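The file final_33.tsv contains TSV, C-alpha atoms and all ligand atoms:
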```
chain	number	residue	atom	x	y	z
A	1	MET	CA	-33.50	-23.42	4.85
A	2	ALA	CA	-35.26	-26.08	6.93
A	3	ASP	CA	-33.62	-29.45	7.45
A	4	SER	CA	-33.96	-31.38	4.18
A	5	THR	CA	-34.88	-34.60	6.02
A	6	ILE	CA	-38.24	-33.09	6.98
A	7	TYR	CA	-38.86	-32.27	3.33
A	8	LEU	CA	-38.11	-35.86	2.29
A	9	GLU	CA	-40.24	-37.23	5.10
A	10	MET	CA	-43.17	-35.00	4.20
A	11	LEU	CA	-42.77	-35.88	0.55
A	12	LYS	CA	-43.01	-39.57	1.47
A	13	ASN	CA	-46.11	-39.10	3.63
A	14	LEU	CA	-47.92	-36.44	1.60
A	15	PRO	CA	-47.06	-37.30	-2.01
A	16	GLY	CA	-47.79	-34.54	-4.51
A	17	ARG	CA	-48.67	-32.09	-1.79
A	18	VAL	CA	-45.26	-30.78	-0.80
A	19	ARG	CA	-43.14	-28.23	-2.64
A	20	ILE	CA	-39.75	-26.83	-1.85
A	21	SER	CA	-38.82	-23.14	-2.12
A	22	GLU	CA	-42.31	-22.19	-3.27
A	23	SER	CA	-42.77	-18.53	-4.24
A	24	MET	CA	-45.36	-16.96	-1.96
A	25	LYS	CA	-46.27	-14.52	-4.74
A	26	LYS	CA	-48.53	-17.27	-6.05
A	27	HIS	CA	-50.34	-17.54	-2.73
A	28	THR	CA	-51.01	-13.94	-1.74
A	29	SER	CA	-53.56	-11.51	-3.17
A	30	TRP	CA	-50.82	-8.83	-3.19
A	31	ARG	CA	-48.65	-11.06	-5.44
A	32	ILE	CA	-45.75	-10.33	-3.10
A	33	GLY	CA	-43.44	-12.53	-1.04
A	34	GLY	CA	-40.24	-14.55	-1.18
A	35	PRO	CA	-40.05	-18.35	-1.06
A	36	ALA	CA	-41.42	-20.65	1.62
A	37	ASP	CA	-38.79	-23.29	2.52
A	38	ILE	CA	-41.38	-26.08	2.50
A	39	PHE	CA	-44.92	-25.53	1.29
A	40	VAL	CA	-47.69	-28.04	1.98
A	41	GLU	CA	-51.26	-28.14	0.72
A	42	PRO	CA	-52.96	-30.93	2.66
A	43	ALA	CA	-55.74	-32.82	0.87
A	44	ASN	CA	-57.66	-33.63	4.03
A	45	ARG	CA	-57.64	-33.35	7.84
A	46	GLU	CA	-55.31	-36.27	8.37
A	47	GLU	CA	-52.71	-34.84	5.99
A	48	LEU	CA	-52.99	-31.51	7.79
A	49	ARG	CA	-52.49	-33.21	11.15
A	50	LEU	CA	-49.46	-35.11	9.78
A	51	ALA	CA	-47.84	-31.95	8.39
A	52	VAL	CA	-48.32	-30.15	11.72
A	53	SER	CA	-46.91	-33.01	13.77
A	54	HIS	CA	-43.89	-33.50	11.45
A	55	ALA	CA	-43.00	-29.83	11.87
A	56	ASN	CA	-43.68	-29.76	15.61
A	57	GLU	CA	-41.72	-32.93	16.38
A	58	ARG	CA	-38.67	-31.30	14.80
A	59	GLU	CA	-39.40	-27.86	16.26
A	60	ILE	CA	-39.53	-26.38	12.77
A	61	PRO	CA	-41.45	-23.09	12.53
A	62	LEU	CA	-44.94	-23.54	11.13
A	63	THR	CA	-47.02	-20.89	9.37
A	64	ILE	CA	-50.67	-21.39	8.45
A	65	ILE	CA	-52.27	-19.50	5.61
A	66	GLY	CA	-55.62	-19.56	3.89
A	67	ALA	CA	-56.20	-17.67	0.64
A	68	GLY	CA	-53.45	-15.16	1.55
A	69	THR	CA	-55.71	-12.11	1.19
A	70	ASN	CA	-54.77	-10.46	4.48
A	71	ILE	CA	-51.04	-11.17	4.77
A	72	LEU	CA	-47.83	-9.43	3.73
A	73	VAL	CA	-45.06	-11.98	3.18
A	74	SER	CA	-41.51	-10.66	3.46
A	75	ASP	CA	-39.23	-10.49	0.42
A	76	GLU	CA	-36.95	-13.00	2.17
A	77	GLY	CA	-39.83	-15.47	2.33
A	78	ILE	CA	-40.82	-17.79	5.18
A	79	ARG	CA	-38.50	-20.16	7.00
A	80	GLY	CA	-39.76	-23.59	7.95
A	81	VAL	CA	-43.06	-25.09	6.85
A	82	VAL	CA	-46.00	-23.19	5.39
A	83	VAL	CA	-49.33	-25.03	5.39
A	84	LYS	CA	-52.00	-23.71	3.08
A	85	VAL	CA	-55.53	-24.64	4.14
A	86	GLY	CA	-57.69	-24.59	1.06
A	87	ARG	CA	-58.72	-27.18	-1.51
A	88	GLY	CA	-59.37	-30.58	0.06
A	89	LEU	CA	-60.58	-29.00	3.27
A	90	ASP	CA	-63.43	-27.05	1.75
A	91	ARG	CA	-66.65	-28.98	2.23
A	92	ILE	CA	-69.85	-27.15	3.17
A	93	PHE	CA	-72.90	-28.82	4.80
A	94	LEU	CA	-76.34	-27.57	5.72
A	95	ASP	CA	-78.20	-28.64	8.85
A	96	ASP	CA	-81.53	-26.83	9.29
A	97	ASN	CA	-80.56	-23.21	9.94
A	98	MET	CA	-76.90	-24.04	10.44
A	99	ILE	CA	-74.05	-24.02	7.96
A	100	ILE	CA	-71.04	-26.20	8.69
A	101	ALA	CA	-68.04	-25.15	6.63
A	102	GLU	CA	-64.51	-26.50	6.51
A	103	SER	CA	-61.88	-23.82	6.92
A	104	GLY	CA	-60.57	-24.04	3.35
A	105	ALA	CA	-63.99	-23.17	1.87
A	106	SER	CA	-64.10	-19.66	0.48
A	107	LEU	CA	-66.26	-17.13	2.30
A	108	SER	CA	-67.94	-16.29	-1.00
A	109	ARG	CA	-68.96	-19.94	-1.56
A	110	VAL	CA	-70.41	-20.16	1.94
A	111	ALA	CA	-72.34	-16.93	1.34
A	112	ALA	CA	-73.65	-18.33	-1.97
A	113	VAL	CA	-74.72	-21.60	-0.31
A	114	ALA	CA	-76.53	-19.61	2.39
A	115	ARG	CA	-78.25	-17.43	-0.21
A	116	ASP	CA	-79.36	-20.39	-2.32
A	117	ALA	CA	-80.74	-22.16	0.76
A	118	GLY	CA	-82.70	-19.08	1.83
A	119	LEU	CA	-80.52	-18.61	4.91
A	120	GLY	CA	-79.77	-15.07	6.04
A	121	GLY	CA	-76.69	-13.96	7.97
A	122	PHE	CA	-73.88	-13.95	5.40
A	123	GLU	CA	-75.08	-11.05	3.23
A	124	PHE	CA	-72.51	-8.70	4.84
A	125	SER	CA	-69.65	-10.81	3.44
A	126	ALA	CA	-70.51	-10.31	-0.23
A	127	GLY	CA	-67.27	-9.46	-1.98
A	128	ILE	CA	-64.88	-10.25	0.92
A	129	PRO	CA	-62.22	-12.59	-0.47
A	130	GLY	CA	-60.48	-15.31	1.57
A	131	ASN	CA	-61.34	-18.58	3.23
A	132	ILE	CA	-63.37	-19.46	6.31
A	133	GLY	CA	-60.29	-20.14	8.48
A	134	GLY	CA	-58.78	-16.73	7.78
A	135	ALA	CA	-62.18	-15.05	8.13
A	136	VAL	CA	-62.71	-16.56	11.59
A	137	VAL	CA	-59.19	-15.71	12.79
A	138	MET	CA	-59.53	-12.12	11.49
A	139	ASN	CA	-63.23	-11.84	12.42
A	140	ALA	CA	-63.76	-10.55	8.89
A	141	GLY	CA	-66.60	-8.13	8.48
A	142	ALA	CA	-68.20	-5.32	6.53
A	143	ASN	CA	-71.40	-3.36	6.38
A	144	GLY	CA	-71.77	-3.34	10.17
A	145	PHE	CA	-71.54	-7.11	10.63
A	146	SER	CA	-68.74	-9.61	11.14
A	147	ILE	CA	-68.42	-13.36	10.93
A	148	GLY	CA	-67.96	-13.84	14.68
A	149	ALA	CA	-71.63	-12.96	15.18
A	150	ARG	CA	-72.63	-16.04	13.14
A	151	VAL	CA	-70.24	-18.49	14.82
A	152	LYS	CA	-71.74	-21.14	17.06
A	153	GLU	CA	-68.75	-23.44	17.43
A	154	ILE	CA	-65.28	-23.96	15.94
A	155	LEU	CA	-63.29	-27.16	15.49
A	156	LEU	CA	-59.54	-26.58	15.96
A	157	LEU	CA	-56.35	-28.56	15.67
A	158	ASN	CA	-53.96	-27.52	18.42
A	159	GLN	CA	-50.17	-27.54	18.46
A	160	ALA	CA	-50.13	-30.91	20.21
A	161	GLY	CA	-51.98	-32.36	17.21
A	162	CYS	CA	-55.34	-32.78	19.03
A	163	PHE	CA	-58.73	-31.77	17.66
A	164	LEU	CA	-60.84	-29.70	20.04
A	165	LYS	CA	-64.01	-27.63	19.94
A	166	LYS	CA	-64.42	-24.05	21.09
A	167	THR	CA	-67.62	-22.15	21.57
A	168	LYS	CA	-68.23	-18.64	20.28
A	169	ASP	CA	-67.69	-17.22	23.81
A	170	GLU	CA	-64.25	-18.78	24.01
A	171	MET	CA	-63.24	-17.11	20.74
A	172	ASN	CA	-63.34	-13.58	22.19
A	173	PHE	CA	-64.36	-11.96	18.92
A	174	GLY	CA	-63.71	-8.22	18.63
A	175	TYR	CA	-63.25	-5.72	15.81
A	176	ARG	CA	-61.05	-7.67	13.35
A	177	SER	CA	-59.75	-9.76	16.20
A	178	SER	CA	-60.23	-13.14	17.85
A	179	ALA	CA	-58.54	-15.24	20.52
A	180	LEU	CA	-56.89	-17.22	17.72
A	181	GLN	CA	-54.62	-14.31	16.81
A	182	ASN	CA	-52.66	-14.97	20.02
A	183	ASP	CA	-52.80	-18.73	20.02
A	184	PHE	CA	-51.35	-21.41	17.78
A	185	SER	CA	-54.43	-23.36	16.72
A	186	ILE	CA	-55.60	-24.20	13.25
A	187	VAL	CA	-59.23	-23.69	12.33
A	188	ILE	CA	-60.56	-26.90	10.78
A	189	GLU	CA	-64.28	-26.26	10.63
A	190	ALA	CA	-66.85	-23.72	11.80
A	191	VAL	CA	-70.55	-24.05	12.58
A	192	PHE	CA	-72.58	-20.94	11.80
A	193	SER	CA	-76.11	-20.11	12.97
A	194	CYS	CA	-78.23	-18.51	10.27
A	195	PHE	CA	-81.92	-17.70	9.94
A	196	GLN	CA	-84.65	-18.15	7.35
A	197	ARG	CA	-84.82	-15.27	4.88
A	198	ASP	CA	-86.26	-14.69	1.44
A	199	LYS	CA	-83.71	-15.71	-1.21
A	200	GLU	CA	-84.46	-12.80	-3.52
A	201	THR	CA	-84.00	-10.27	-0.68
A	202	ILE	CA	-80.66	-11.86	0.23
A	203	LYS	CA	-79.57	-11.77	-3.41
A	204	GLN	CA	-80.49	-8.11	-3.84
A	205	GLU	CA	-78.73	-7.08	-0.64
A	206	MET	CA	-75.56	-8.90	-1.67
A	207	GLU	CA	-75.63	-7.27	-5.09
A	208	VAL	CA	-75.83	-3.82	-3.49
A	209	PHE	CA	-72.78	-4.60	-1.31
A	210	ILE	CA	-70.79	-5.86	-4.30
A	211	LYS	CA	-71.71	-2.85	-6.42
A	212	ARG	CA	-70.60	-0.52	-3.64
A	213	ARG	CA	-67.23	-2.32	-3.40
A	214	LYS	CA	-66.68	-2.02	-7.14
A	215	GLU	CA	-67.30	1.71	-6.93
A	216	THR	CA	-65.14	2.39	-3.88
A	217	GLN	CA	-62.29	-0.16	-3.92
A	218	PRO	CA	-59.38	-0.63	-6.38
A	219	LEU	CA	-60.34	-4.20	-7.23
A	220	HIS	CA	-58.38	-4.31	-10.50
A	221	TYR	CA	-55.05	-4.23	-8.69
A	222	PRO	CA	-53.47	-6.73	-6.31
A	223	SER	CA	-53.99	-5.65	-2.68
A	224	ALA	CA	-54.78	-7.06	0.74
A	225	GLY	CA	-57.87	-4.95	1.39
A	226	SER	CA	-57.69	-2.42	4.20
A	227	ILE	CA	-54.20	-1.87	5.59
A	228	PHE	CA	-55.23	-0.35	8.91
A	229	LYS	CA	-58.16	-0.91	11.24
A	230	ASN	CA	-60.50	2.04	11.54
A	231	PRO	CA	-59.88	4.03	14.75
A	232	PRO	CA	-62.94	4.68	16.96
A	233	GLY	CA	-65.29	7.20	15.34
A	234	ASP	CA	-63.29	7.65	12.13
A	235	THR	CA	-61.93	5.74	9.16
A	236	ALA	CA	-58.31	5.08	8.35
A	237	GLY	CA	-59.01	5.87	4.68
A	238	ARG	CA	-60.32	9.36	5.49
A	239	LEU	CA	-57.34	10.12	7.75
A	240	ILE	CA	-54.72	8.93	5.23
A	241	GLU	CA	-56.42	10.93	2.48
A	242	ALA	CA	-56.60	14.03	4.73
A	243	ALA	CA	-52.87	13.63	5.39
A	244	GLY	CA	-52.41	14.13	1.65
A	245	LEU	CA	-51.17	10.65	0.87
A	246	LYS	CA	-53.58	9.46	-1.83
A	247	GLY	CA	-51.53	8.33	-4.82
A	248	GLU	CA	-48.23	8.31	-2.81
A	249	ARG	CA	-45.75	5.77	-4.21
A	250	VAL	CA	-42.74	3.78	-3.10
A	251	GLY	CA	-41.47	1.72	-6.01
A	252	ASP	CA	-44.47	-0.09	-7.44
A	253	ALA	CA	-46.51	0.18	-4.24
A	254	GLN	CA	-49.10	2.95	-4.25
A	255	ILE	CA	-51.67	4.30	-1.81
A	256	SER	CA	-54.78	3.88	-3.92
A	257	THR	CA	-56.23	7.02	-5.44
A	258	LEU	CA	-59.68	5.45	-5.06
A	259	HIS	CA	-59.47	4.30	-1.42
A	260	ALA	CA	-56.59	5.58	0.72
A	261	ASN	CA	-56.68	2.61	3.13
A	262	PHE	CA	-55.70	0.29	0.25
A	263	ILE	CA	-52.10	-0.09	-0.92
A	264	ILE	CA	-52.00	-1.54	-4.40
A	265	ASN	CA	-49.25	-3.37	-6.26
A	266	LEU	CA	-48.76	-1.66	-9.62
A	267	GLY	CA	-46.69	-4.58	-10.90
A	268	ALA	CA	-43.42	-5.31	-9.17
A	269	ALA	CA	-43.91	-3.96	-5.63
A	270	SER	CA	-41.83	-5.59	-2.91
A	271	ALA	CA	-42.83	-6.19	0.70
A	272	ARG	CA	-40.25	-3.57	1.62
A	273	ASP	CA	-42.01	-0.98	-0.62
A	274	ILE	CA	-45.33	-1.79	1.06
A	275	MET	CA	-43.82	-1.55	4.55
A	276	MET	CA	-42.31	1.85	3.75
A	277	LEU	CA	-45.68	3.19	2.61
A	278	VAL	CA	-47.45	1.68	5.62
A	279	GLU	CA	-44.94	3.40	7.91
A	280	LYS	CA	-45.31	6.70	6.04
A	281	ALA	CA	-49.10	6.59	6.39
A	282	ARG	CA	-48.89	5.64	10.09
A	283	LYS	CA	-46.40	8.43	10.87
A	284	SER	CA	-48.26	11.10	8.89
A	285	VAL	CA	-51.62	10.33	10.52
A	286	LEU	CA	-49.96	10.40	13.94
A	287	GLU	CA	-48.27	13.74	13.21
A	288	PHE	CA	-51.33	15.43	11.64
A	289	PHE	CA	-54.10	14.06	13.86
A	290	GLY	CA	-52.44	12.45	16.90
A	291	ILE	CA	-54.10	9.14	16.03
A	292	GLU	CA	-52.08	5.92	16.03
A	293	LEU	CA	-53.37	3.63	13.28
A	294	LYS	CA	-53.12	-0.09	13.96
A	295	PRO	CA	-52.45	-2.46	11.07
A	296	GLU	CA	-55.10	-4.99	10.11
A	297	VAL	CA	-52.88	-6.92	7.68
A	298	LYS	CA	-50.63	-9.59	9.23
A	299	VAL	CA	-46.93	-9.48	8.38
A	300	VAL	CA	-45.45	-12.95	7.87
A	301	GLY	CA	-41.83	-14.00	7.54
A	302	TYR	CA	-39.93	-10.97	8.86
B	401	LIG	C1	-59.88	-6.67	-2.14
B	401	LIG	C2	-59.98	-7.08	-0.71
B	401	LIG	C3	-61.05	-6.69	0.07
B	401	LIG	C4	-61.16	-7.06	1.41
B	401	LIG	N1	-62.24	-6.66	2.13
B	401	LIG	C5	-62.36	-7.03	3.41
B	401	LIG	C6	-63.49	-6.63	4.18
B	401	LIG	O1	-64.39	-5.95	3.71
B	401	LIG	N2	-63.55	-7.02	5.48
B	401	LIG	C7	-62.58	-7.79	6.06
B	401	LIG	O2	-62.70	-8.14	7.24
B	401	LIG	N3	-61.49	-8.19	5.35
B	401	LIG	C8	-61.36	-7.84	4.06
B	401	LIG	N4	-60.27	-8.23	3.33
B	401	LIG	C9	-59.20	-9.00	4.02
B	401	LIG	C10	-59.35	-10.53	3.90
B	401	LIG	O3	-60.08	-10.86	2.75
B	401	LIG	C11	-60.01	-11.17	5.11
B	401	LIG	O4	-59.31	-10.86	6.30
B	401	LIG	C12	-60.06	-12.71	4.96
B	401	LIG	O5	-61.00	-13.20	5.85
B	401	LIG	C13	-58.72	-13.40	5.16
B	401	LIG	O6	-58.86	-14.78	4.81
B	401	LIG	P1	-57.66	-15.58	4.15
B	401	LIG	O7	-58.09	-16.98	3.95
B	401	LIG	O8	-57.17	-14.90	2.94
B	401	LIG	O9	-56.57	-15.49	5.31
B	401	LIG	P2	-54.99	-15.30	5.18
B	401	LIG	O10	-54.70	-13.94	4.65
B	401	LIG	O11	-54.40	-16.45	4.47
B	401	LIG	O12	-54.57	-15.34	6.72
B	401	LIG	C14	-54.98	-14.32	7.61
B	401	LIG	C15	-54.58	-14.74	9.03
B	401	LIG	O13	-55.33	-15.89	9.42
B	401	LIG	C16	-54.48	-17.00	9.73
B	401	LIG	N5	-55.15	-18.21	9.19
B	401	LIG	C17	-55.64	-18.40	7.94
B	401	LIG	N6	-56.26	-19.59	7.86
B	401	LIG	C18	-56.16	-20.16	9.06
B	401	LIG	C19	-56.62	-21.41	9.63
B	401	LIG	N7	-57.30	-22.32	8.92
B	401	LIG	N8	-56.34	-21.65	10.94
B	401	LIG	C20	-55.65	-20.75	11.70
B	401	LIG	N9	-55.17	-19.59	11.22
B	401	LIG	C21	-55.45	-19.29	9.93
B	401	LIG	C22	-53.14	-16.69	9.06
B	401	LIG	O14	-52.06	-17.28	9.77
B	401	LIG	C23	-53.12	-15.15	9.14
B	401	LIG	O15	-52.67	-14.74	10.43
B	401	LIG	C24	-60.14	-7.87	1.98
B	401	LIG	C25	-59.05	-8.29	1.22
B	401	LIG	C26	-58.96	-7.91	-0.13
B	401	LIG	C27	-57.79	-8.38	-0.95
```

Show me this structure written as structure tokens.
Amino acid sequence: MADSTIYLEMLKNLPGRVRISESMKKHTSWRIGGPADIFVEPANREELRLAVSHANEREIPLTIIGAGTNILVSDEGIRGVVVKVGRGLDRIFLDDNMIIAESGASLSRVAAVARDAGLGGFEFSAGIPGNIGGAVVMNAGANGFSIGARVKEILLLNQAGCFLKKTKDEMNFGYRSSALQNDFSIVIEAVFSCFQRDKETIKQEMEVFIKRRKETQPLHYPSAGSIFKNPPGDTAGRLIEAAGLKGERVGDAQISTLHANFIINLGAASARDIMMLVEKARKSVLEFFGIELKPEVKVVGY
């Protein structure tokens, strides 16, 4: 448990925004995870900066999350301070063909704003859950496109508590990866370049993508989307299915019978159950096909 003085200090400076021993089940799409020692939901940039500097000054571990749709939080929870970037840091602005979105804005809201303004470029994201910060860090994508391609510039808060800008080139975007995955910086805001496009065409394209998701993904169960990245020239889902693991269970965790790269929580799955299934899928695919699958989901708190 983190030093209680930091909790009291944060409580004084960020009233109403700090909770102690907060269950991470409430903050992950998998509905899994033990307690965070200290959980902070900043209402604005200054509160975020304060929370980061309080933790850093005392060398208390700091974890940043967005909507929690791509993380597996351990059953033991997270030591130190967890900062959730969401409400309060979720404004979206339009500037000609550019969209400026704070990192707590949901990707789906940004896509809807783009659509309604007749701006193309976010159609691919229809149906991807999560917030802009997480999407940029993960370089979220689907349908042959990813968010990095739209990025013009990012505003970050670094560990020293300073705001700085980075260009797209400095972000090193790759398949579900970015420079931010190896760097402690918090995404505050992103500027995206879009282009003029007919609203109705955008709407129709997004509807097609959403329909396809509903048909192919187990959206009625808690999950974190795809567990593994697709290896070159193949898909993780096809390989796991071919290894005979569709429907495989450990406790309440199950490899989806609809999409084998999804592990769903049937009710009371633990992080340990999920990890055991992930390991089983990884080992089986390696044994059967000689292909080493790499996880896409980030494990937090182990
Ligand atoms: C049903 C379902 C379908 C999905 N489909 C897709 C898909 O098609 N394509 C795809 O790419 N993903 C998909 N995902 C995964 C997920 O939605 C995306 O990766 C999403 O962009 C993650 O955003 P988040 O806010 O939930 O991030 P989180 O899960 O909260 O965090 C992800 C990572 O980003 C870091 N992070 C979050 N916010 C910030 C910030 N402001 N600053 C710095 N670091 C930060 C966290 O520390 C963590 O390492 C799916 C998930 C689900 C549940």

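The nearest approach to Arg212 in chain A among the residues A:Asn158, A:Ser256, A:Asn143, A:Ser193, with all atoms listed in the file taken into account, belongs to A:Asn143.
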
7 Å shell around ligand LIG 401 (chain B) using all atoms listed in the file, listed as a PDB file with C-alpha atoms, in the coordinates of the input:
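Contents of the output file part18.pdb:
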```pdb
ATOM      1  CA  SER A  29     -53.560 -11.510  -3.170  1.00  0.00           C
ATOM      2  CA  THR A  63     -47.020 -20.890   9.370  1.00  0.00           C
ATOM      3  CA  ILE A  64     -50.670 -21.390   8.450  1.00  0.00           C
ATOM      4  CA  ILE A  65     -52.270 -19.500   5.610  1.00  0.00           C
ATOM      5  CA  GLY A  66     -55.620 -19.560   3.890  1.00  0.00           C
ATOM      6  CA  ALA A  67     -56.200 -17.670   0.640  1.00  0.00           C
ATOM      7  CA  GLY A  68     -53.450 -15.160   1.550  1.00  0.00           C
ATOM      8  CA  THR A  69     -55.710 -12.110   1.190  1.00  0.00           C
ATOM      9  CA  ASN A  70     -54.770 -10.460   4.480  1.00  0.00           C
ATOM     10  CA  ILE A  71     -51.040 -11.170   4.770  1.00  0.00           C
ATOM     11  CA  VAL A  85     -55.530 -24.640   4.140  1.00  0.00           C
ATOM     12  CA  SER A 103     -61.880 -23.820   6.920  1.00  0.00           C
ATOM     13  CA  GLY A 104     -60.570 -24.040   3.350  1.00  0.00           C
ATOM     14  CA  ILE A 128     -64.880 -10.250   0.920  1.00  0.00           C
ATOM     15  CA  PRO A 129     -62.220 -12.590  -0.470  1.00  0.00           C
ATOM     16  CA  GLY A 130     -60.480 -15.310   1.570  1.00  0.00           C
ATOM     17  CA  ASN A 131     -61.340 -18.580   3.230  1.00  0.00           C
ATOM     18  CA  ILE A 132     -63.370 -19.460   6.310  1.00  0.00           C
ATOM     19  CA  GLY A 133     -60.290 -20.140   8.480  1.00  0.00           C
ATOM     20  CA  GLY A 134     -58.780 -16.730   7.780  1.00  0.00           C
ATOM     21  CA  ALA A 135     -62.180 -15.050   8.130  1.00  0.00           C
ATOM     22  CA  VAL A 136     -62.710 -16.560  11.590  1.00  0.00           C
ATOM     23  CA  VAL A 137     -59.190 -15.710  12.790  1.00  0.00           C
ATOM     24  CA  MET A 138     -59.530 -12.120  11.490  1.00  0.00           C
ATOM     25  CA  ASN A 139     -63.230 -11.840  12.420  1.00  0.00           C
ATOM     26  CA  ALA A 140     -63.760 -10.550   8.890  1.00  0.00           C
ATOM     27  CA  GLY A 141     -66.600  -8.130   8.480  1.00  0.00           C
ATOM     28  CA  ALA A 142     -68.200  -5.320   6.530  1.00  0.00           C
ATOM     29  CA  ARG A 176     -61.050  -7.670  13.350  1.00  0.00           C
ATOM     30  CA  GLN A 181     -54.620 -14.310  16.810  1.00  0.00           C
ATOM     31  CA  SER A 185     -54.430 -23.360  16.720  1.00  0.00           C
ATOM     32  CA  ILE A 186     -55.600 -24.200  13.250  1.00  0.00           C
ATOM     33  CA  VAL A 187     -59.230 -23.690  12.330  1.00  0.00           C
ATOM     34  CA  ILE A 188     -60.560 -26.900  10.780  1.00  0.00           C
ATOM     35  CA  LEU A 219     -60.340  -4.200  -7.230  1.00  0.00           C
ATOM     36  CA  SER A 223     -53.990  -5.650  -2.680  1.00  0.00           C
ATOM     37  CA  ALA A 224     -54.780  -7.060   0.740  1.00  0.00           C
ATOM     38  CA  GLY A 225     -57.870  -4.950   1.390  1.00  0.00           C
ATOM     39  CA  SER A 226     -57.690  -2.420   4.200  1.00  0.00           C
ATOM     40  CA  LYS A 298     -50.630  -9.590   9.230  1.00  0.00           C
TER      41      LYS A 298
END
```

| said: as a ChimeraX atom specification, please: the residues near range 202-211 of chain A (cut-off 8 Å, only C-alpha atoms, same-chain neighbours under 5 positions excluded). | reply: /A:115,118,120,123-124,126-127,143,197

Pick out the residues sitting within 9 Å of Met276 in chain A, and hand them over as an mmCIF file with C-alpha atoms, in the coordinates of the input; count only C-alpha atoms, and ignore anything fewer than 5 positions along from it in its own chain.
```cif
data_model
loop_
_atom_site.group_PDB
_atom_site.id
_atom_site.type_symbol
_atom_site.label_atom_id
_atom_site.label_comp_id
_atom_site.auth_asym_id
_atom_site.auth_seq_id
_atom_site.Cartn_x
_atom_site.Cartn_y
_atom_site.Cartn_z
ATOM 1 C CA VAL A 250 -42.740 3.780 -3.100
ATOM 2 C CA ALA A 271 -42.830 -6.190 0.700
ATOM 3 C CA ALA A 281 -49.100 6.590 6.390
#
```

| field | Distance in Å - CA of Ala253 in chain A versus CA of Trp30 in chain A | value | 10.0 Å

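Close contacts of range 86-90 of chain A, defined as residues with an atom at most 6 Å away when counting only C-alpha atoms, with chain neighbours fewer than 2 positions off set aside, comprise Ala43, Asn44, Glu102, Gly104 and Ala105 of chain A.
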
| Counting only C-alpha atoms, the residue of A:Val73, A:Ala149, A:Ala112, A:Cys162 that sits nearest Ser53 in chain A | A:Cys162

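Taking CA of Ile227 in chain A and CA of Gly33 in chain A as endpoints, the distance between them is 16.5 Å.
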
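Interatomic distance, CA of Thr216 in chain A against CA of His259 in chain A: 6.5 Å.
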
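Checking A:Glu215, A:Glu153, A:Glu76, A:Asp116 one by one against Asp198 in chain A, counting only C-alpha atoms, you find the shortest gap at A:Asp116.
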
| message | Let me make sure I understand: among A:Leu72, A:Val52, A:Val110, A:Ile263, which one has the smallest atom-to-atom distance to Thr28 in chain A if we use all atoms listed in the file? | response | A:Leu72

Box time for range 204-214 of chain A: axis-aligned, enclosing all its listed atoms, 4 Å extra on each side; report centre and edge lengths in Å to one decimal, as lines of an AutoDock Vina configuration file.
```
center_x = -73.6
center_y = -4.7
center_z = -3.9
size_x = 21.8
size_y = 16.4
size_z = 14.5
```

| message | I'd like the contact shell of Gly237 in chain A - 7 Å cut-off, all atoms listed in the file, skipping same-chain residues fewer than 4 positions apart - returned as a ChimeraX atom specification. | response | /A:241,259-261

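Checking A:Val300, A:Lys25, A:Met10, A:Thr201 one by one against Arg79 in chain A, counting only C-alpha atoms, you find the shortest gap at A:Val300.
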
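Closest approach to Arg45 in chain A from the set A:Asp183, A:Glu170, A:Glu189, A:Glu57 is made by A:Glu189, with distances taken over only C-alpha atoms.
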
| Close residues, Ile78 in chain A itself excluded, 12 Å, only C-alpha atoms, min 2 positions apart in chain, as a ChimeraX atom specification | /A:1-2,20-25,33-39,60-65,72-76,80-83,299-302

| message | Here's a test: counting all atoms listed in the file, identify every protein, DNA and RNA residue with an atom at most 9 Å from (-49.2, -0.4, 6.5) in the file's coordinate frame, and state them as a PyMOL selection string. | response | chain A and resi 227-228+261+263+274-282+293-297

Generate N, CA and C atoms for range 262-269 of chain A and emit them as a PDB file, keeping the file's coordinate frame.
```
ATOM      1  N   PHE A 262     -56.193   1.419   1.053  1.00  0.00           N
ATOM      2  CA  PHE A 262     -55.700   0.290   0.250  1.00  0.00           C
ATOM      3  C   PHE A 262     -54.329   0.662  -0.302  1.00  0.00           C
ATOM      4  N   ILE A 263     -53.365  -0.261  -0.202  1.00  0.00           N
ATOM      5  CA  ILE A 263     -52.100  -0.090  -0.920  1.00  0.00           C
ATOM      6  C   ILE A 263     -52.101  -1.124  -2.039  1.00  0.00           C
ATOM      7  N   ILE A 264     -51.933  -0.626  -3.266  1.00  0.00           N
ATOM      8  CA  ILE A 264     -52.000  -1.540  -4.400  1.00  0.00           C
ATOM      9  C   ILE A 264     -50.607  -1.835  -4.946  1.00  0.00           C
ATOM     10  N   ASN A 265     -50.493  -2.974  -5.599  1.00  0.00           N
ATOM     11  CA  ASN A 265     -49.250  -3.370  -6.260  1.00  0.00           C
ATOM     12  C   ASN A 265     -49.402  -3.060  -7.748  1.00  0.00           C
ATOM     13  N   LEU A 266     -48.622  -2.077  -8.219  1.00  0.00           N
ATOM     14  CA  LEU A 266     -48.760  -1.660  -9.620  1.00  0.00           C
ATOM     15  C   LEU A 266     -48.057  -2.628 -10.577  1.00  0.00           C
ATOM     16  N   GLY A 267     -47.345  -3.603 -10.025  1.00  0.00           N
ATOM     17  CA  GLY A 267     -46.690  -4.580 -10.900  1.00  0.00           C
ATOM     18  C   GLY A 267     -45.593  -5.345 -10.198  1.00  0.00           C
ATOM     19  N   ALA A 268     -44.566  -4.614  -9.748  1.00  0.00           N
ATOM     20  CA  ALA A 268     -43.420  -5.310  -9.170  1.00  0.00           C
ATOM     21  C   ALA A 268     -43.111  -4.820  -7.759  1.00  0.00           C
ATOM     22  N   ALA A 269     -44.135  -4.461  -6.999  1.00  0.00           N
ATOM     23  CA  ALA A 269     -43.910  -3.960  -5.630  1.00  0.00           C
ATOM     24  C   ALA A 269     -43.295  -5.050  -4.765  1.00  0.00           C
TER      25      ALA A 269
END
```
